[in-house]
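Single-structure report; data block below.
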Amino acid sequence: MIRIAVRRSAVTRVESEVLIHFVFEGWQKSARELKVLRTLTGVNLIPEGGTGFAGKERETLLLFPRHLSTPRLLLVGAGTHAQWSRERLRRAGAAAAKAARGMGLRTASFIEPEKEVTAALDTAPGEDPAELYGHALAEGVLLGLYRYDRYKTREDSPPGHLTRVSFITDSPSRETGIARGIALASVVCEATCFARDLENAPGNEIYPESLAASARAAGRRSGFSVKVLDEGSIRSLGMGGLLGVARGSRRPPRLLVMEYRGRKNGRHAAGTGRGPVVLVGKGVTFDSGGISIKPSAGMAEMKMDMSGGAVVIAAMQAAARLRLPVDLIGIVPAAENLPGGAALRPGDILRHHNGMTSEVDNTDAEGRLILADALSYAGRFDPSLIIDVATLTGAVVVALGHVATGMMGNDTEAMRLLKESGDRTYERVWELPMFEEYEALIKSEIADVKNTGGRWGGAIAAAMFLRKFTGTRPWVHLDIAGTSILEEPSDYSTRGGSGVGVRLLIDFLRHRETAPE
Ligand code: BES
Ligand code: MN
Ligand code: ZN
């Protein structure tokens, strides 16, 4: 557990094991920066003196000045002034925190950059640069320090337990803004790390029933309700997709239905508000492919095929803890896709919750089969918007790599807002088209729809399938197959589950609420 707090202090009086200072490229030519560095180091740093420290991103330099109240000063490269941004701040914060932890330190303090530097983070009217500074820096620290070490019985990395982090400022007016940013980031990053934990947990720990238990515990902790439907209820609801996918496993399926009501009573009833936002998350707790079995190389990462479900549970947690003024429903169809003796066969036909039939051409296209039931079930809540989040296709990874989430849907305004949220949070989304021609891909000769679309346009074919079950309701589909499951660590994610989607959705919900209806 990492605690971040803002502290008002002069930099020379800070009590901490290390003082952290961001330095921009070109510091050697900045008279002002040279002066700041003289105050901090107690010596004149000679620009040509060959520290080898240029101030590039991810560069660090550790110094031991004698006259400070901290024994160490860590200079952290921030890149060029011109390209300074919230994302650069997150990365610099993560680099600094990881370096401090690597030294085995428990406490660290960040020096606030010059006013002009933090003001550059403010790109929209009404945003408080101090809050944005506290927010983005705290995100970098909290997400950067994450690691999944629950199953390590002995410590094989440095004994770092950085637990107390301070953001130093000398301005009383900025102090409150920074504190607000830290508070917001703490809730959202804790939720993101909760999603990462669920994603990274192995398939023998997380299966439909235990995923449901995690959601229940989160609901109790954070203040949202959780209803778990068992196999019998799922059958009564006619959810042939969810039942069908689960048939090849001994683990029975579950349908999680979560509810958080943050709007003032009566707003919706009075006709001045809108129906709830329904979040739907794919909860395939392990995807072997079923009878259309996957190659064994890399199959282990399919323990993360419940990422969408994890993100929905975690977003419910963050929304409830932040007391967002929204009505939110979370639906997670959870099943394990295994090739047992009762498993779905290629060619089988299923009947879904809305009565439509689908031909199972490939049992590895299971996500859309369970989402079909959940999306049609979402209709009963009279939603103003449905957003589904799913590690749905390998094709979206081919198209966008691990950099952007694929976005498709029919609600152009919601997609515009999601794009803005993606840019702010750096959980970026990119729209793919749903042109009518793609419809032909999923045509079946014997059922209403077929669950595969051939070799090309796979991410879109999957979305065309989902659209059959949302009808004309406002809907956005987020395919996080590439952004959720990382093959390499990034600046503030480890390899594996990234928790992508939690920050995006919370930012979206916060901004949508203030947008005109
Ligand atoms: N869970 C996978 C998609 C996936 C692939 C997620 C790689 C993350 C990384 C999904 O269930 C799947 O297997 N999709 C198939 C669909 C195909 C059979 C039409 C795919 O993408 O290959
Ligand atoms: Mn699959
Ligand atoms: Zn899958």
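The way I read the labels, and the way they are meant: chains A, B, ... in the order of the structure tokens, residue 1 as the first residue of every chain, and ligand 1 as the first ligand shown, with later ones counted on from there.
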
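Per DSSP on the backbone, alpha helix (DSSP H) in segment 413-499 of chain A comprises Glu413, Ala414, Met415, Arg416, Leu417, Leu418, Lys419, Glu420, Ser421, Gly422, Asp423, Arg424, Thr425, Gly458, Ala459, Ile460, Ala461, Ala462, Ala463, Met464, Phe465, Leu466, Arg467, Ala481, Gly482, Thr483 and Ser484 of chain A.
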
Given 7 Å and only C-alpha atoms and all ligand atoms, residues near ligand 2 as a PyMOL selection string:
chain A and resi 287-289+364-367

Show which residues sit within 12 Å of Arg90 of chain A, as a ChimeraX atom specification. Count only C-alpha atoms, and ignore same-chain residues fewer than 5 positions away.
/A:22,57-58,78,84-85,95-97,121,132-145,185,424-426,490-493

Contacts with ligand 1 at most 9 Å, only C-alpha atoms and all ligand atoms counted, listed as a ChimeraX atom specification
/A:284,286-289,292,294,301-302,304-306,337,361-368,390-397,451-455,458-459,461-462,479-485

Keeping N, CA and C atoms for every residue in the selection just given, could you write it to a file as a tab-separated table (two decimals), in the first residue's frame?
chain	number	residue	atom	x	y	z
A	284	VAL	N	-14.29	-14.31	-19.91
A	284	VAL	CA	-13.82	-15.67	-20.19
A	284	VAL	C	-12.58	-15.89	-19.32
A	286	PHE	N	-10.70	-18.43	-18.76
A	286	PHE	CA	-9.59	-19.00	-19.53
A	286	PHE	C	-10.13	-19.41	-20.89
A	287	ASP	N	-9.38	-19.06	-21.94
A	287	ASP	CA	-9.82	-19.35	-23.30
A	287	ASP	C	-8.83	-20.29	-23.98
A	288	SER	N	-9.15	-21.58	-23.95
A	288	SER	CA	-8.30	-22.55	-24.65
A	288	SER	C	-8.64	-22.59	-26.14
A	289	GLY	N	-9.77	-21.97	-26.49
A	289	GLY	CA	-10.29	-22.08	-27.85
A	289	GLY	C	-11.41	-23.11	-27.93
A	292	SER	N	-12.10	-25.97	-31.18
A	292	SER	CA	-11.22	-25.27	-32.15
A	292	SER	C	-10.01	-24.77	-31.38
A	294	LYS	N	-6.60	-23.65	-29.48
A	294	LYS	CA	-5.52	-22.74	-29.86
A	294	LYS	C	-4.19	-23.50	-29.85
A	301	GLU	N	-1.47	-16.95	-21.84
A	301	GLU	CA	-1.93	-15.58	-21.64
A	301	GLU	C	-3.46	-15.46	-21.73
A	302	MET	N	-4.10	-16.53	-22.17
A	302	MET	CA	-5.56	-16.50	-22.24
A	302	MET	C	-6.23	-16.62	-20.86
A	304	MET	N	-5.97	-14.15	-19.19
A	304	MET	CA	-6.36	-12.74	-19.12
A	304	MET	C	-7.57	-12.41	-19.98
A	305	ASP	N	-8.26	-13.45	-20.47
A	305	ASP	CA	-9.39	-13.21	-21.37
A	305	ASP	C	-10.63	-12.71	-20.62
A	306	MET	N	-10.46	-12.53	-19.30
A	306	MET	CA	-11.55	-11.92	-18.51
A	306	MET	C	-11.24	-10.45	-18.21
A	337	ASN	N	-13.66	-21.42	-21.32
A	337	ASN	CA	-13.78	-22.07	-22.63
A	337	ASN	C	-12.79	-23.23	-22.75
A	361	ASP	N	-19.31	-21.45	-35.92
A	361	ASP	CA	-18.39	-21.92	-36.94
A	361	ASP	C	-17.05	-22.28	-36.31
A	362	ASN	N	-16.70	-21.56	-35.24
A	362	ASN	CA	-15.41	-21.75	-34.58
A	362	ASN	C	-15.62	-21.54	-33.08
A	363	THR	N	-15.29	-22.55	-32.28
A	363	THR	CA	-15.57	-22.43	-30.84
A	363	THR	C	-14.61	-21.46	-30.16
A	364	ASP	N	-13.58	-21.00	-30.90
A	364	ASP	CA	-12.66	-20.02	-30.34
A	364	ASP	C	-13.19	-18.59	-30.47
A	365	ALA	N	-14.25	-18.41	-31.23
A	365	ALA	CA	-14.91	-17.09	-31.27
A	365	ALA	C	-16.02	-17.11	-30.23
A	366	GLU	N	-15.60	-17.34	-28.95
A	366	GLU	CA	-16.55	-17.56	-27.86
A	366	GLU	C	-17.00	-16.26	-27.20
A	367	GLY	N	-16.11	-15.24	-27.25
A	367	GLY	CA	-16.43	-13.99	-26.55
A	367	GLY	C	-17.74	-13.40	-27.03
A	368	ARG	N	-17.91	-13.34	-28.34
A	368	ARG	CA	-19.12	-12.74	-28.91
A	368	ARG	C	-20.36	-13.55	-28.56
A	390	ALA	N	-13.94	-5.81	-24.13
A	390	ALA	CA	-13.65	-7.23	-24.34
A	390	ALA	C	-12.30	-7.44	-25.02
A	391	THR	N	-11.58	-8.46	-24.58
A	391	THR	CA	-10.41	-8.94	-25.31
A	391	THR	C	-10.95	-9.85	-26.42
A	392	LEU	N	-11.49	-9.21	-27.47
A	392	LEU	CA	-12.34	-9.97	-28.38
A	392	LEU	C	-11.63	-10.62	-29.55
A	393	THR	N	-10.66	-9.92	-30.15
A	393	THR	CA	-10.08	-10.49	-31.38
A	393	THR	C	-8.56	-10.31	-31.48
A	394	GLY	N	-7.91	-11.31	-32.02
A	394	GLY	CA	-6.51	-11.17	-32.39
A	394	GLY	C	-6.37	-10.15	-33.52
A	395	ALA	N	-7.42	-10.01	-34.31
A	395	ALA	CA	-7.37	-9.11	-35.46
A	395	ALA	C	-7.16	-7.66	-35.05
A	396	VAL	N	-7.70	-7.26	-33.90
A	396	VAL	CA	-7.51	-5.87	-33.49
A	396	VAL	C	-6.05	-5.63	-33.08
A	397	VAL	N	-5.37	-6.68	-32.63
A	397	VAL	CA	-3.94	-6.55	-32.30
A	397	VAL	C	-3.14	-6.40	-33.58
A	451	ASN	N	-20.71	-17.06	-36.19
A	451	ASN	CA	-19.79	-16.42	-35.23
A	451	ASN	C	-18.39	-16.16	-35.77
A	452	THR	N	-18.14	-16.40	-37.04
A	452	THR	CA	-16.85	-16.01	-37.63
A	452	THR	C	-17.10	-15.30	-38.96
A	453	GLY	N	-16.05	-14.59	-39.38
A	453	GLY	CA	-16.22	-13.81	-40.62
A	453	GLY	C	-15.10	-14.00	-41.61
A	454	GLY	N	-14.38	-15.12	-41.48
A	454	GLY	CA	-13.31	-15.34	-42.46
A	454	GLY	C	-12.04	-14.60	-42.10
A	455	ARG	N	-11.14	-14.52	-43.06
A	455	ARG	CA	-9.78	-14.08	-42.78
A	455	ARG	C	-9.62	-12.59	-42.54
A	458	GLY	N	-11.34	-8.97	-39.16
A	458	GLY	CA	-11.85	-9.76	-38.05
A	458	GLY	C	-12.39	-8.97	-36.86
A	459	ALA	N	-11.76	-7.85	-36.56
A	459	ALA	CA	-12.23	-7.05	-35.41
A	459	ALA	C	-13.60	-6.45	-35.72
A	461	ALA	N	-15.78	-7.71	-38.02
A	461	ALA	CA	-16.77	-8.79	-38.12
A	461	ALA	C	-17.34	-9.11	-36.73
A	462	ALA	N	-16.44	-9.11	-35.72
A	462	ALA	CA	-16.90	-9.39	-34.35
A	462	ALA	C	-17.89	-8.33	-33.88
A	479	ASP	N	-12.58	-3.03	-28.10
A	479	ASP	CA	-11.81	-4.28	-28.21
A	479	ASP	C	-10.41	-4.03	-27.63
A	480	ILE	N	-10.18	-4.55	-26.42
A	480	ILE	CA	-8.93	-4.27	-25.70
A	480	ILE	C	-7.93	-5.43	-25.78
A	481	ALA	N	-8.09	-6.31	-26.78
A	481	ALA	CA	-7.21	-7.48	-26.87
A	481	ALA	C	-5.73	-7.08	-26.89
A	482	GLY	N	-5.39	-5.98	-27.57
A	482	GLY	CA	-3.99	-5.58	-27.68
A	482	GLY	C	-3.51	-4.73	-26.51
A	483	THR	N	-4.38	-3.88	-25.98
A	483	THR	CA	-3.97	-2.92	-24.96
A	483	THR	C	-4.03	-3.50	-23.55
A	484	SER	N	-4.80	-4.57	-23.39
A	484	SER	CA	-4.95	-5.13	-22.05
A	484	SER	C	-3.87	-6.15	-21.73
A	485	ILE	N	-3.46	-6.89	-22.76
A	485	ILE	CA	-2.51	-7.98	-22.54
A	485	ILE	C	-1.17	-7.58	-23.15

The residue from A:Thr357, A:Ser173, A:Ser69, A:Gln317 with the smallest atom-to-atom distance to Arg220 of chain A, counting only C-alpha atoms, is A:Gln317

Could you check which of A:Leu322, A:Lys152, A:Glu199, A:Leu45 is closest to Ser186 of chain A, using only C-alpha atoms?
A:Leu322

Long-range neighbours of Ala5 of chain A as a compact mmCIF listing (two decimals) with all heavy atoms, in the first residue's frame, 9 Å cut-off, only C-alpha atoms, 3 positions minimum in chain:
# COMPACT_ATOMS: atom_id res chain seq x y z
N ARG A 164 5.87 5.67 1.33
CA ARG A 164 5.44 7.04 1.62
C ARG A 164 6.03 8.00 0.60
O ARG A 164 7.24 8.13 0.50
CB ARG A 164 5.87 7.47 3.02
CG ARG A 164 5.22 6.64 4.08
CD ARG A 164 5.05 7.41 5.38
NE ARG A 164 4.00 6.79 6.15
CZ ARG A 164 2.74 7.20 6.16
NH1 ARG A 164 2.37 8.27 5.48
NH2 ARG A 164 1.83 6.55 6.86
N VAL A 165 5.15 8.62 -0.16
CA VAL A 165 5.60 9.54 -1.19
C VAL A 165 4.96 10.90 -0.93
O VAL A 165 3.77 10.99 -0.64
CB VAL A 165 5.19 9.01 -2.58
CG1 VAL A 165 5.54 10.00 -3.67
CG2 VAL A 165 5.88 7.66 -2.85
N SER A 166 5.79 11.95 -1.01
CA SER A 166 5.27 13.31 -0.80
C SER A 166 5.45 14.14 -2.05
O SER A 166 6.46 14.02 -2.73
CB SER A 166 6.03 13.99 0.35
OG SER A 166 5.96 13.21 1.51
N PHE A 167 4.45 14.97 -2.33
CA PHE A 167 4.58 15.98 -3.37
C PHE A 167 4.76 17.32 -2.65
O PHE A 167 3.86 17.77 -1.94
CB PHE A 167 3.32 16.03 -4.26
CG PHE A 167 3.06 14.76 -5.04
CD1 PHE A 167 1.88 14.62 -5.77
CD2 PHE A 167 3.98 13.71 -5.08
CE1 PHE A 167 1.62 13.47 -6.50
CE2 PHE A 167 3.73 12.56 -5.81
CZ PHE A 167 2.54 12.44 -6.52
N ILE A 168 5.93 17.91 -2.84
CA ILE A 168 6.26 19.14 -2.11
C ILE A 168 5.79 20.36 -2.90
O ILE A 168 5.97 20.42 -4.11
CB ILE A 168 7.79 19.25 -1.93
CG1 ILE A 168 8.35 17.97 -1.27
CG2 ILE A 168 8.16 20.48 -1.12
CD1 ILE A 168 7.78 17.67 0.09
N ILE A 178 -3.51 20.08 -5.66
CA ILE A 178 -2.68 18.89 -5.75
C ILE A 178 -3.30 17.75 -4.94
O ILE A 178 -3.39 16.60 -5.39
CB ILE A 178 -1.24 19.19 -5.27
CG1 ILE A 178 -0.57 20.20 -6.21
CG2 ILE A 178 -0.40 17.91 -5.20
CD1 ILE A 178 0.79 20.69 -5.74
N ALA A 179 -3.80 18.09 -3.75
CA ALA A 179 -4.42 17.07 -2.89
C ALA A 179 -5.64 16.47 -3.58
O ALA A 179 -5.87 15.25 -3.51
CB ALA A 179 -4.81 17.69 -1.55
N ILE A 182 -4.43 14.02 -6.17
CA ILE A 182 -3.91 12.79 -5.55
C ILE A 182 -5.07 11.89 -5.12
O ILE A 182 -5.05 10.67 -5.33
CB ILE A 182 -3.02 13.13 -4.33
CG1 ILE A 182 -1.75 13.86 -4.76
CG2 ILE A 182 -2.65 11.85 -3.56
CD1 ILE A 182 -0.92 14.40 -3.60
N ALA A 183 -6.10 12.51 -4.53
CA ALA A 183 -7.24 11.72 -4.02
C ALA A 183 -7.94 10.98 -5.17
O ALA A 183 -8.25 9.79 -5.07
CB ALA A 183 -8.23 12.64 -3.30

Kindly give the distance, in Å, that separates atom CA of Gly457 of chain A and atom CA of Leu441 of chain A, rounded to a single decimal.
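The value is 8.8 Å.
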
Please extract the residues of segment 280-479 of chain A with a backbone DSSP assignment of strand (DSSP E) and present them as number ranges by chain.
A: 280-281, 283-287, 327-337, 349-351, 357-359, 385-390, 405-409, 429-431, 449-450, 475-479

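Minimum atom-to-atom distances from A:Arg351, A:Gly308, A:Gly340, A:Tyr377 to ligand 3 were compared using only C-alpha atoms and all ligand atoms, and the lowest value belongs to A:Gly308.
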
Can you work out the spacing between atom CA of Glu413 of chain A and atom CA of Glu87 of chain A in Å, to one decimal?
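Distance reported for this atom pair: 24.8 Å.
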
Can you pull out the residues contacting Val278 of chain A? Cut-off 10 Å, using only C-alpha atoms, and skip same-chain residues under 5 positions away; I want them as an MDAnalysis selection string.
chainID A and resid 258:259 312 327:331 375 378:379 381:388 475

Write out the residues from the selection above, keeping N, CA and C atoms, as a PDB file, in the first residue's frame.
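So again38.pdb came out as:
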ATOM      1  N   MET A 258     -24.137  -5.949 -11.541  1.00  0.00           N
ATOM      2  CA  MET A 258     -23.756  -4.986 -10.500  1.00  0.00           C
ATOM      3  C   MET A 258     -24.513  -3.685 -10.703  1.00  0.00           C
ATOM      4  N   GLU A 259     -24.763  -2.997  -9.625  1.00  0.00           N
ATOM      5  CA  GLU A 259     -25.570  -1.785  -9.738  1.00  0.00           C
ATOM      6  C   GLU A 259     -25.063  -0.728  -8.772  1.00  0.00           C
ATOM      7  N   VAL A 312     -14.699  -3.868 -15.836  1.00  0.00           N
ATOM      8  CA  VAL A 312     -16.050  -3.444 -15.456  1.00  0.00           C
ATOM      9  C   VAL A 312     -16.222  -3.498 -13.932  1.00  0.00           C
ATOM     10  N   ASP A 327     -25.823   6.790 -12.783  1.00  0.00           N
ATOM     11  CA  ASP A 327     -26.396   5.476 -12.534  1.00  0.00           C
ATOM     12  C   ASP A 327     -25.657   4.499 -13.433  1.00  0.00           C
ATOM     13  N   LEU A 328     -25.129   3.461 -12.808  1.00  0.00           N
ATOM     14  CA  LEU A 328     -24.238   2.562 -13.529  1.00  0.00           C
ATOM     15  C   LEU A 328     -24.644   1.118 -13.269  1.00  0.00           C
ATOM     16  N   ILE A 329     -24.737   0.349 -14.353  1.00  0.00           N
ATOM     17  CA  ILE A 329     -24.975  -1.086 -14.235  1.00  0.00           C
ATOM     18  C   ILE A 329     -23.753  -1.781 -14.827  1.00  0.00           C
ATOM     19  N   GLY A 330     -23.287  -2.827 -14.175  1.00  0.00           N
ATOM     20  CA  GLY A 330     -22.178  -3.611 -14.728  1.00  0.00           C
ATOM     21  C   GLY A 330     -22.644  -5.044 -14.944  1.00  0.00           C
ATOM     22  N   ILE A 331     -22.410  -5.570 -16.127  1.00  0.00           N
ATOM     23  CA  ILE A 331     -22.803  -6.952 -16.422  1.00  0.00           C
ATOM     24  C   ILE A 331     -21.568  -7.719 -16.899  1.00  0.00           C
ATOM     25  N   LEU A 375     -25.439  -8.454 -23.842  1.00  0.00           N
ATOM     26  CA  LEU A 375     -25.855  -7.202 -24.483  1.00  0.00           C
ATOM     27  C   LEU A 375     -27.372  -7.136 -24.627  1.00  0.00           C
ATOM     28  N   ALA A 378     -28.854  -6.409 -21.325  1.00  0.00           N
ATOM     29  CA  ALA A 378     -28.641  -5.010 -20.917  1.00  0.00           C
ATOM     30  C   ALA A 378     -29.863  -4.146 -21.229  1.00  0.00           C
ATOM     31  N   GLY A 379     -30.615  -4.551 -22.270  1.00  0.00           N
ATOM     32  CA  GLY A 379     -31.770  -3.773 -22.698  1.00  0.00           C
ATOM     33  C   GLY A 379     -32.806  -3.576 -21.600  1.00  0.00           C
ATOM     34  N   PHE A 381     -32.539  -2.640 -18.705  1.00  0.00           N
ATOM     35  CA  PHE A 381     -32.268  -1.509 -17.815  1.00  0.00           C
ATOM     36  C   PHE A 381     -32.587  -0.167 -18.476  1.00  0.00           C
ATOM     37  N   ASP A 382     -33.149  -0.193 -19.668  1.00  0.00           N
ATOM     38  CA  ASP A 382     -33.454   1.025 -20.418  1.00  0.00           C
ATOM     39  C   ASP A 382     -32.246   1.973 -20.442  1.00  0.00           C
ATOM     40  N   PRO A 383     -31.106   1.468 -20.924  1.00  0.00           N
ATOM     41  CA  PRO A 383     -29.862   2.233 -20.824  1.00  0.00           C
ATOM     42  C   PRO A 383     -29.829   3.444 -21.760  1.00  0.00           C
ATOM     43  N   SER A 384     -29.155   4.498 -21.309  1.00  0.00           N
ATOM     44  CA  SER A 384     -28.900   5.629 -22.212  1.00  0.00           C
ATOM     45  C   SER A 384     -27.665   5.321 -23.047  1.00  0.00           C
ATOM     46  N   LEU A 385     -26.873   4.364 -22.597  1.00  0.00           N
ATOM     47  CA  LEU A 385     -25.677   3.974 -23.339  1.00  0.00           C
ATOM     48  C   LEU A 385     -25.200   2.614 -22.836  1.00  0.00           C
ATOM     49  N   ILE A 386     -24.787   1.763 -23.770  1.00  0.00           N
ATOM     50  CA  ILE A 386     -24.138   0.491 -23.414  1.00  0.00           C
ATOM     51  C   ILE A 386     -22.694   0.573 -23.912  1.00  0.00           C
ATOM     52  N   ILE A 387     -21.751   0.249 -23.033  1.00  0.00           N
ATOM     53  CA  ILE A 387     -20.352   0.142 -23.473  1.00  0.00           C
ATOM     54  C   ILE A 387     -19.874  -1.265 -23.129  1.00  0.00           C
ATOM     55  N   ASP A 388     -19.446  -2.022 -24.147  1.00  0.00           N
ATOM     56  CA  ASP A 388     -18.853  -3.311 -23.812  1.00  0.00           C
ATOM     57  C   ASP A 388     -17.346  -3.252 -23.963  1.00  0.00           C
ATOM     58  N   TRP A 475     -24.682   2.446 -28.305  1.00  0.00           N
ATOM     59  CA  TRP A 475     -23.736   1.386 -27.931  1.00  0.00           C
ATOM     60  C   TRP A 475     -22.337   1.683 -28.450  1.00  0.00           C
TER      61      TRP A 475
END

When you count only C-alpha atoms, which of these residues is closest to Ser109 of chain A: A:Glu445, A:Glu15, A:Asp170, A:Asp197?
A:Glu15

Distance query Gly240 of chain A at most 10 Å, only C-alpha atoms, self and fewer than 5 positions along chain excluded, as a list in words
Ile234, Arg235, Val245, Ala246, Ile349, Leu350, Arg351, His352, His353, Asn354, Gly355, Met356, Thr357, Ser358, Leu369, Ile370, Ala372 and Asp373 of chain A

Residues within 9 Å of Pro325 of chain A, only C-alpha atoms, excluding chain neighbours under 2 positions, as a list of chain:residue names:
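Once the adjacent positions are removed, what remains is A:Arg261, A:Gly262, A:Arg263, A:Lys264, A:Ala319, A:Leu322, A:Arg323, A:Asp327, A:Leu509, A:Arg510, A:Glu513.
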
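Nearest to Leu237 of chain A of all the residues A:Ala92, A:Cys189, A:Leu324, A:Ala374 is A:Ala374, based on only C-alpha atoms.
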